[in-house]
There are 2 protein chains.
Amino acid sequence: MSRYKALGVDVKKEGIQAFKGVVDNLYPGAFCVITRDPTNPSMGLVSHADSAGSKPIMSYLCYKESGDPSWFKGLAQDAVAMNIDDVICVGAEAISFIDYIAYNTLLIDRVEMLAALSQGFADTFKMLEENGLPVLFGGGETADLPDQMKTLDVCGALFARVELDKVVTGYEISPGDVIVGLRSGGKVGYEEEANSGIMCNGHTLARNCLMRGEYLERYPELAHPDRARFTGSYGYEDRPDGLGMTVGEALTSPTRIFAPIAAKVLEGVGDSVHGMVHNTGGGQTKCLGLGKGVRYVKDALPEPDPVFHLIQKEGRVEWREMYEDFNMGIGIEFIVEPEAAQDVIRIAESFGIGVQIIGHCEKSEKGNSLKITSRLGEFSYAGD
Amino acid sequence: MSRYKALGVDVKKEGIQAFKGVVDNLYPGAFCVITRDPTNPSMGLVSHADSAGSKPIMSYLCYKESGDPSWFKGLAQDAVAMNIDDVICVGAEAISFIDYIAYNTLLIDRVEMLAALSQGFADTFKMLEENGLPVLFGGGETADLPDQMKTLDVCGALFARVELDKVVTGYEISPGDVIVGLRSGGKVGYEEEANSGIMCNGHTLARNCLMRGEYLERYPELAHPDRARFTGSYGYEDRPDGLGMTVGEALTSPTRIFAPIAAKVLEGVGDSVHGMVHNTGGGQTKCLGLGKGVRYVKDALPEPDPVFHLIQKEGRVEWREMYEDFNMGIGIEFIVEPEAAQDVIRIAESFGIGVQIIGHCEKSEKGNSLKITSRLGEFSYAGD
């Protein structure tokens, strides 16, 4: 069993099949579920829900230690990113967003937490608007759930639309297509601070590998009893060599929003974009769900950001598993006709983001497969 | 402090003001946030999120005791009801729904829980379609959060639309308007089983008042440590006199969906409907948020369903608080011109639901207020 599965997180999402027959989905296998607009049959509707995962636990830890509620602020961007960058992977335009915040009233001051989160939402939607992507914010629901939530859960739902003849289905992914990857770490022109690159996935593992056990003793609400163990040697204010920020900052670094860049790519060379993959749950193996009979060959991935090296080293996690649990430095991938690759790179570079060709596609005789070749090893993964 | 607030649930939602300036809202004070469709300015968009609250804790208790995952099934209807019957209160038509299920992987079998919930969603959407309200189901997100969730949280988000000249804003509520209430308990023509009437609010209090302490010893994950206490005398299979079902069935009875009836009311006498109130958080006092300068006089409420009497008696809860925490037998209210009241009653009765005039509106000199007069006492409540 993977170290992550032992911690109670199944990146393969067993049991989700039960929903397959119930869901209205025009393009099974596309990155998001798309339904036909009942009042406008040429339009597709994308309703999407996702959360910041277990990342809020780290924000809570820093909040409790420092007394500073601004540690919650970045979770707003996380919740938006997890939705808007999923729906743009099918080419959909975000229309309106709502949040859902469930938390333990007995441990978190509601007023200061909501003030920090509302500031986070305001900043995030301002950035999106300034970058040509206005999103309506419909508020949402704050649920007082002291008997269900150990700490908190920060979620969002996004409603989006896409003209059906412009959907990026993933069905056209072909041998010879090139995979262009955008960096999840560093700093983009529309951001205020450098990003650790960790995004919203792999946090249960990251926390358990890095953080000192004393936190669990002090705040038993940080984990399920008897199972999760903080085995690391770091305090949240520690600044390990090469990380460029504190451990607390690295693990709460808000997920980069790629939508402004992706929108420009679609505007510029949309016809050449055969697939897009937001590297969330499943990390670098997320592409396995997209397309049919595709062998993804990633042989030019960048060096993973320092946070991934730190987690791997402290947790002695196999590199093979690291690629399954984390984005490893590439947050979103464009699978494009080879002729369009340089255009994608040029558009991305105009935003000041790190971008490179990370691999290509071949034909797979059976289901989808992925081969990663890097200085850290050679790893093969099979899709369904 | 109310007994409920002491349990960590604030029905008055302090702190939510932080979001007021951030949210795009065409009709502040309407029952839901409505935004203008950027591509069709005569159309309003309603994006809504809500959950089954703490009701899943009771489903979990019954599941653990019986080993039967079908106890989770009704939570699907709860999540849909909490959304569709909120958005219909502004006259909006539901388009698509997505779920968000966060749960503790280490305590709940994912496969059998998801099978039960997907059956619940399928049955719910079938009923809605048969009653002229097809809703697209876009799937959703299942989040493995063993370190955040003690048990589980079942949520949904609904996207809906309304022509802006047909929005039920609540602004037209006037002195002389009549309040027609629909029963939350009993059985409606399109339902399979009798409903306890409890819906999705007040469950933390209900559970703590009714259930035996031994459950908390057996399953400490049912509550926040040291705070919540099960002080009741019932097992989940007990069948108290007059309840007509077991305590487990009463507390997991799926929230009635009123949308098919409300849609017919709007179709028939929509011009006379000045407001609609879905009695969720805040119970019978929910109307306080709707309209301006309205004194709601409820002097003809029905006898509360047996489940409310049971909770009140076992928990020795003040009746004044009972009306603030529970719907007390009326799930949705139509505030209409007096001439239309009999039409609303006739339409509702055609569905076999209990319906009656429960009060009327007067002018309030200051903010909104509510006066309840019943054989259980006279209670006054003030709005913001």
# chains A, B, ... in the order shown; residues from 1 in each chain; ligands from 1
>>> interface_residues(of="chain B", to="chain A", cutoff="7 Å", atoms="only C-alpha atoms", output="number ranges by chain")
B: 8-9, 14-16, 18-19, 22-24, 33, 47-50, 54, 96, 98, 100, 105-106, 110-111, 114-115, 118, 122, 136-141, 144-152, 157, 159, 222-224
>>> select_by_dssp(residues="stretch 128-375 of chain A", states="alpha helix (DSSP H)", output="ChimeraX atom specification")
/A:128-130,203-210,214-218,247-252,259-269,306-315,319-325,341-349
>>> select_by_dssp(residues="stretch 83-202 of chain A", states="strand (DSSP E or B)", output="PyMOL selection string")
chain A and resi 93-103+136-144+149+152-163+178-183+186+195
>>> closest_residue(among="A:Ala259, A:Val167, A:Ser66, A:Ile88", to="A:Phe351", atoms="only C-alpha atoms")
A:Ala259
>>> closest_residue(among="B:Asn40, B:Ser253, B:Ser374, B:Asn208", to="B:Lys298", atoms="only C-alpha atoms")
B:Ser374
